[in-house]
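Step one of this worksheet: look at the structure below.
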Amino acid sequence: MFFLNGYEYFLGFLIICSLVPILALGASKILRPQSRSATRRITYESGCEPIGGAWIQFNIRYYMFALVFVIFDVETVFLYPWAVAFHRLGLLAFIEALIFITILVIALVYAWRKGALEWS
C-alpha cells in the first residue's frame with residue numbers, strides 16, 4: 001500500500017508539522033477579542049500616543065554592528081561540532097579550523113580598524 005518503505009514516520013511528522021501552525025492560527029482567530037474599534041488599530045508604543053511616522057532611517061552603524069555580531073555568532077555554531085569531534089578528525093581538520101579562525105580574526109581586525117565596533 002505504501003510505496004516508500006521506511007518513510008511512514010517522516011510522512012507522519014510532515015503531517016503533524018503542517019497541522020500545528022494551521023491549528024494555532026485557527027485557534028487564535030477564534031479566541032481573539034472581536035473588537036473592531038478605531039483605538040484597537042492605532043500603533044501601541046509603551047502606552048504613549050505615537051509621535052511621527054513609523055518609517056525612520058537608522059544609522060548604518062547599527063546594521064554593521066549587528067552583522068559583525070551575527071558573523072561571530074555563526075562562527076561559534078561552526079566551531080562547536082568541530083570541538084566535540086576534535087579527537088576523531090585529525091591534523092587536517094585542525095589546520096582547516098586554524099585557517100577558518102585566522103580568516104575571522106582578520107575580519108575582526110578589519111572591522112575594528114574601520115570603526116564598526118564603536119557604538120557612538
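Chain labels follow the order of the C-alpha cells: the first chain is A, the next B, and so on; residue numbering restarts at 1 in every chain, and ligands are counted from 1 in their shown order.
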Residues near stretch 105-111 of chain A, anyone? I mean within 10 Å using only C-alpha atoms, not counting same-chain ones fewer than 4 positions away, as a ChimeraX atom specification. /A:64-65,68,71-72,99-101,115-118
Writing out the chosen residues with N, CA, C and O atoms as a PDB file, in the first residue's frame:
ATOM      1  N   MET A  64      25.757  47.436  10.771  1.00  0.00           N
ATOM      2  CA  MET A  64      27.109  46.876  10.715  1.00  0.00           C
ATOM      3  C   MET A  64      27.446  46.154  12.017  1.00  0.00           C
ATOM      4  O   MET A  64      28.041  45.076  12.005  1.00  0.00           O
ATOM      5  N   PHE A  65      27.072  46.751  13.131  1.00  0.00           N
ATOM      6  CA  PHE A  65      27.304  46.122  14.429  1.00  0.00           C
ATOM      7  C   PHE A  65      26.551  44.797  14.514  1.00  0.00           C
ATOM      8  O   PHE A  65      27.095  43.787  14.973  1.00  0.00           O
ATOM      9  N   VAL A  68      28.311  42.143  12.285  1.00  0.00           N
ATOM     10  CA  VAL A  68      29.529  41.622  12.908  1.00  0.00           C
ATOM     11  C   VAL A  68      29.160  40.638  14.013  1.00  0.00           C
ATOM     12  O   VAL A  68      29.779  39.578  14.152  1.00  0.00           O
ATOM     13  N   ILE A  71      28.060  37.339  12.367  1.00  0.00           N
ATOM     14  CA  ILE A  71      29.198  36.596  11.811  1.00  0.00           C
ATOM     15  C   ILE A  71      29.906  35.810  12.901  1.00  0.00           C
ATOM     16  O   ILE A  71      30.206  34.626  12.748  1.00  0.00           O
ATOM     17  N   PHE A  72      30.167  36.446  14.035  1.00  0.00           N
ATOM     18  CA  PHE A  72      30.891  35.754  15.088  1.00  0.00           C
ATOM     19  C   PHE A  72      30.000  34.799  15.867  1.00  0.00           C
ATOM     20  O   PHE A  72      30.488  33.849  16.479  1.00  0.00           O
ATOM     21  N   ILE A  99      42.764  27.858   9.807  1.00  0.00           N
ATOM     22  CA  ILE A  99      42.555  28.764   8.672  1.00  0.00           C
ATOM     23  C   ILE A  99      41.245  29.520   8.838  1.00  0.00           C
ATOM     24  O   ILE A  99      41.179  30.738   8.617  1.00  0.00           O
ATOM     25  N   PHE A 100      40.205  28.827   9.244  1.00  0.00           N
ATOM     26  CA  PHE A 100      38.898  29.455   9.467  1.00  0.00           C
ATOM     27  C   PHE A 100      38.988  30.539  10.539  1.00  0.00           C
ATOM     28  O   PHE A 100      38.502  31.664  10.346  1.00  0.00           O
ATOM     29  N   ILE A 101      39.633  30.231  11.650  1.00  0.00           N
ATOM     30  CA  ILE A 101      39.771  31.203  12.735  1.00  0.00           C
ATOM     31  C   ILE A 101      40.652  32.369  12.299  1.00  0.00           C
ATOM     32  O   ILE A 101      40.384  33.529  12.648  1.00  0.00           O
ATOM     33  N   GLY A 115      36.074  50.922  12.402  1.00  0.00           N
ATOM     34  CA  GLY A 115      35.191  51.545  13.396  1.00  0.00           C
ATOM     35  C   GLY A 115      33.823  50.904  13.484  1.00  0.00           C
ATOM     36  O   GLY A 115      32.899  51.514  14.020  1.00  0.00           O
ATOM     37  N   ALA A 116      33.653  49.711  12.964  1.00  0.00           N
ATOM     38  CA  ALA A 116      32.347  49.050  13.003  1.00  0.00           C
ATOM     39  C   ALA A 116      31.973  48.609  14.406  1.00  0.00           C
ATOM     40  O   ALA A 116      30.805  48.361  14.688  1.00  0.00           O
ATOM     41  N   LEU A 117      32.935  48.516  15.304  1.00  0.00           N
ATOM     42  CA  LEU A 117      32.651  48.073  16.670  1.00  0.00           C
ATOM     43  C   LEU A 117      32.422  49.230  17.640  1.00  0.00           C
ATOM     44  O   LEU A 117      32.165  49.012  18.801  1.00  0.00           O
ATOM     45  N   GLU A 118      32.536  50.443  17.158  1.00  0.00           N
ATOM     46  CA  GLU A 118      32.297  51.621  18.002  1.00  0.00           C
ATOM     47  C   GLU A 118      30.832  51.995  17.924  1.00  0.00           C
ATOM     48  O   GLU A 118      30.278  52.190  16.860  1.00  0.00           O
TER      49      GLU A 118
END
Separation of atom CA of A:Leu67 and atom CA of A:Leu79, in Å?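 Separating atom CA of A:Leu67 from atom CA of A:Leu79 is a distance of 18.4 Å.
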Excluding A:Ala93 and any residue of its chain fewer than 5 positions from it, enumerate the residues within 9 Å of it, using only C-alpha atoms, and give them as an mmCIF file with all heavy atoms, in the first residue's frame.
data_model
loop_
_atom_site.group_PDB
_atom_site.id
_atom_site.type_symbol
_atom_site.label_atom_id
_atom_site.label_comp_id
_atom_site.auth_asym_id
_atom_site.auth_seq_id
_atom_site.Cartn_x
_atom_site.Cartn_y
_atom_site.Cartn_z
ATOM 1 N N TRP A 82 32.973 20.944 15.690
ATOM 2 C CA TRP A 82 34.369 20.623 15.447
ATOM 3 C C TRP A 82 35.072 20.312 16.768
ATOM 4 O O TRP A 82 35.860 19.368 16.850
ATOM 5 C CB TRP A 82 35.048 21.792 14.735
ATOM 6 C CG TRP A 82 36.517 21.628 14.594
ATOM 7 C CD1 TRP A 82 37.169 20.907 13.647
ATOM 8 C CD2 TRP A 82 37.518 22.171 15.444
ATOM 9 N NE1 TRP A 82 38.512 20.975 13.846
ATOM 10 C CE2 TRP A 82 38.765 21.753 14.954
ATOM 11 C CE3 TRP A 82 37.490 22.976 16.574
ATOM 12 C CZ2 TRP A 82 39.952 22.108 15.548
ATOM 13 C CZ3 TRP A 82 38.673 23.332 17.158
ATOM 14 C CH2 TRP A 82 39.886 22.901 16.654
ATOM 15 N N PHE A 86 36.794 16.691 17.857
ATOM 16 C CA PHE A 86 38.198 17.011 17.568
ATOM 17 C C PHE A 86 39.097 15.796 17.625
ATOM 18 O O PHE A 86 39.986 15.630 16.786
ATOM 19 C CB PHE A 86 38.686 18.083 18.555
ATOM 20 C CG PHE A 86 40.131 18.410 18.408
ATOM 21 C CD1 PHE A 86 40.574 19.098 17.300
ATOM 22 C CD2 PHE A 86 41.056 18.020 19.362
ATOM 23 C CE1 PHE A 86 41.905 19.404 17.146
ATOM 24 C CE2 PHE A 86 42.389 18.318 19.219
ATOM 25 C CZ PHE A 86 42.813 19.012 18.109
ATOM 26 N N LEU A 98 42.137 26.195 11.988
ATOM 27 C CA LEU A 98 43.049 27.331 12.168
ATOM 28 C C LEU A 98 42.913 28.340 11.031
ATOM 29 O O LEU A 98 42.931 29.554 11.267
ATOM 30 C CB LEU A 98 44.491 26.844 12.275
ATOM 31 C CG LEU A 98 44.910 26.270 13.622
ATOM 32 C CD1 LEU A 98 46.363 25.807 13.569
ATOM 33 C CD2 LEU A 98 44.742 27.290 14.727
#
Taking the chain letters and numbering used in this document, name the residues of chain A that DSSP puts in alpha helix (DSSP H), as JSON, numbers by chain. {"A": [8, 9, 10, 11, 12, 13, 14, 15, 16, 17, 18, 19, 20, 21, 22, 23, 24, 25, 26, 27, 28, 29, 30, 31, 60, 61, 62, 63, 64, 65, 66, 67, 68, 69, 70, 71, 72, 73, 74, 75, 76, 77, 78, 79, 80, 81, 82, 83, 84, 86, 87, 88, 89, 91, 92, 93, 94, 95, 96, 97, 98, 99, 100, 101, 102, 103, 104, 105, 106, 107, 108, 109, 110, 111, 112, 113, 114]}
Could the residues in this selection be saved with C-alpha atoms as a PDB file, in the first residue's frame?
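File produced: part.pdb:
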ATOM      1  CA  GLU A   8       5.979   6.364   7.264  1.00  0.00           C
ATOM      2  CA  TYR A   9       7.369   8.246  10.255  1.00  0.00           C
ATOM      3  CA  PHE A  10       8.551  11.079   8.030  1.00  0.00           C
ATOM      4  CA  LEU A  11       5.105  11.384   6.489  1.00  0.00           C
ATOM      5  CA  GLY A  12       3.504  11.437   9.944  1.00  0.00           C
ATOM      6  CA  PHE A  13       5.966  14.066  11.108  1.00  0.00           C
ATOM      7  CA  LEU A  14       5.292  16.154   7.981  1.00  0.00           C
ATOM      8  CA  ILE A  15       1.524  15.978   8.550  1.00  0.00           C
ATOM      9  CA  ILE A  16       1.859  16.974  12.208  1.00  0.00           C
ATOM     10  CA  CYS A  17       4.236  19.828  11.344  1.00  0.00           C
ATOM     11  CA  SER A  18       1.743  21.088   8.781  1.00  0.00           C
ATOM     12  CA  LEU A  19      -1.251  20.869  11.117  1.00  0.00           C
ATOM     13  CA  VAL A  20       0.274  22.580  14.163  1.00  0.00           C
ATOM     14  CA  PRO A  21       0.577  26.078  12.615  1.00  0.00           C
ATOM     15  CA  ILE A  22      -2.820  25.772  10.943  1.00  0.00           C
ATOM     16  CA  LEU A  23      -4.465  24.781  14.240  1.00  0.00           C
ATOM     17  CA  ALA A  24      -2.605  27.514  16.160  1.00  0.00           C
ATOM     18  CA  LEU A  25      -3.666  30.229  13.708  1.00  0.00           C
ATOM     19  CA  GLY A  26      -7.239  28.937  13.647  1.00  0.00           C
ATOM     20  CA  ALA A  27      -7.449  28.848  17.449  1.00  0.00           C
ATOM     21  CA  SER A  28      -6.048  32.369  17.731  1.00  0.00           C
ATOM     22  CA  LYS A  29      -8.613  33.631  15.229  1.00  0.00           C
ATOM     23  CA  ILE A  30     -11.462  32.027  17.183  1.00  0.00           C
ATOM     24  CA  LEU A  31     -10.251  33.032  20.671  1.00  0.00           C
ATOM     25  CA  ILE A  60      24.183  52.253   9.109  1.00  0.00           C
ATOM     26  CA  ARG A  61      26.423  51.566  12.128  1.00  0.00           C
ATOM     27  CA  TYR A  62      23.596  49.694  13.861  1.00  0.00           C
ATOM     28  CA  TYR A  63      23.336  47.303  10.936  1.00  0.00           C
ATOM     29  CA  MET A  64      27.109  46.876  10.715  1.00  0.00           C
ATOM     30  CA  PHE A  65      27.304  46.122  14.429  1.00  0.00           C
ATOM     31  CA  ALA A  66      24.514  43.544  14.060  1.00  0.00           C
ATOM     32  CA  LEU A  67      26.208  41.914  11.061  1.00  0.00           C
ATOM     33  CA  VAL A  68      29.529  41.622  12.908  1.00  0.00           C
ATOM     34  CA  PHE A  69      27.678  40.014  15.821  1.00  0.00           C
ATOM     35  CA  VAL A  70      25.922  37.540  13.512  1.00  0.00           C
ATOM     36  CA  ILE A  71      29.198  36.596  11.811  1.00  0.00           C
ATOM     37  CA  PHE A  72      30.891  35.754  15.088  1.00  0.00           C
ATOM     38  CA  ASP A  73      27.785  34.038  16.398  1.00  0.00           C
ATOM     39  CA  VAL A  74      27.753  31.775  13.344  1.00  0.00           C
ATOM     40  CA  GLU A  75      31.445  31.109  13.937  1.00  0.00           C
ATOM     41  CA  THR A  76      30.553  29.617  17.291  1.00  0.00           C
ATOM     42  CA  VAL A  77      27.926  27.405  15.666  1.00  0.00           C
ATOM     43  CA  PHE A  78      30.533  26.037  13.246  1.00  0.00           C
ATOM     44  CA  LEU A  79      33.283  25.574  15.827  1.00  0.00           C
ATOM     45  CA  TYR A  80      31.238  23.741  18.455  1.00  0.00           C
ATOM     46  CA  PRO A  81      30.724  20.486  16.495  1.00  0.00           C
ATOM     47  CA  TRP A  82      34.369  20.623  15.447  1.00  0.00           C
ATOM     48  CA  ALA A  83      35.452  20.877  19.083  1.00  0.00           C
ATOM     49  CA  VAL A  84      33.201  17.979  20.094  1.00  0.00           C
ATOM     50  CA  PHE A  86      38.198  17.011  17.568  1.00  0.00           C
ATOM     51  CA  HIS A  87      39.797  13.761  18.737  1.00  0.00           C
ATOM     52  CA  ARG A  88      38.436  11.863  15.696  1.00  0.00           C
ATOM     53  CA  LEU A  89      39.124  14.448  12.980  1.00  0.00           C
ATOM     54  CA  LEU A  91      45.525  17.045  11.862  1.00  0.00           C
ATOM     55  CA  LEU A  92      43.878  18.157   8.602  1.00  0.00           C
ATOM     56  CA  ALA A  93      40.714  19.281  10.409  1.00  0.00           C
ATOM     57  CA  PHE A  94      42.862  21.149  12.930  1.00  0.00           C
ATOM     58  CA  ILE A  95      44.630  23.027  10.125  1.00  0.00           C
ATOM     59  CA  GLU A  96      41.292  23.823   8.453  1.00  0.00           C
ATOM     60  CA  ALA A  97      39.937  25.191  11.744  1.00  0.00           C
ATOM     61  CA  LEU A  98      43.049  27.331  12.168  1.00  0.00           C
ATOM     62  CA  ILE A  99      42.555  28.764   8.672  1.00  0.00           C
ATOM     63  CA  PHE A 100      38.898  29.455   9.467  1.00  0.00           C
ATOM     64  CA  ILE A 101      39.771  31.203  12.735  1.00  0.00           C
ATOM     65  CA  THR A 102      42.556  33.177  11.026  1.00  0.00           C
ATOM     66  CA  ILE A 103      40.133  34.479   8.403  1.00  0.00           C
ATOM     67  CA  LEU A 104      37.713  35.515  11.143  1.00  0.00           C
ATOM     68  CA  VAL A 105      40.449  37.254  13.139  1.00  0.00           C
ATOM     69  CA  ILE A 106      41.469  39.180  10.010  1.00  0.00           C
ATOM     70  CA  ALA A 107      37.828  40.180   9.533  1.00  0.00           C
ATOM     71  CA  LEU A 108      37.619  41.271  13.167  1.00  0.00           C
ATOM     72  CA  VAL A 109      40.752  43.409  12.849  1.00  0.00           C
ATOM     73  CA  TYR A 110      39.374  44.939   9.636  1.00  0.00           C
ATOM     74  CA  ALA A 111      36.028  45.751  11.294  1.00  0.00           C
ATOM     75  CA  TRP A 112      37.832  47.164  14.315  1.00  0.00           C
ATOM     76  CA  ARG A 113      40.009  49.464  12.189  1.00  0.00           C
ATOM     77  CA  LYS A 114      37.021  50.628  10.159  1.00  0.00           C
TER      78      LYS A 114
END
Report, in Å to a single decimal, how far apart atom CA of A:Pro33 and atom CA of A:Cys48 are.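 Computing the Euclidean distance for atom CA of A:Cys48 and atom CA of A:Pro33 yields 21.9 Å.
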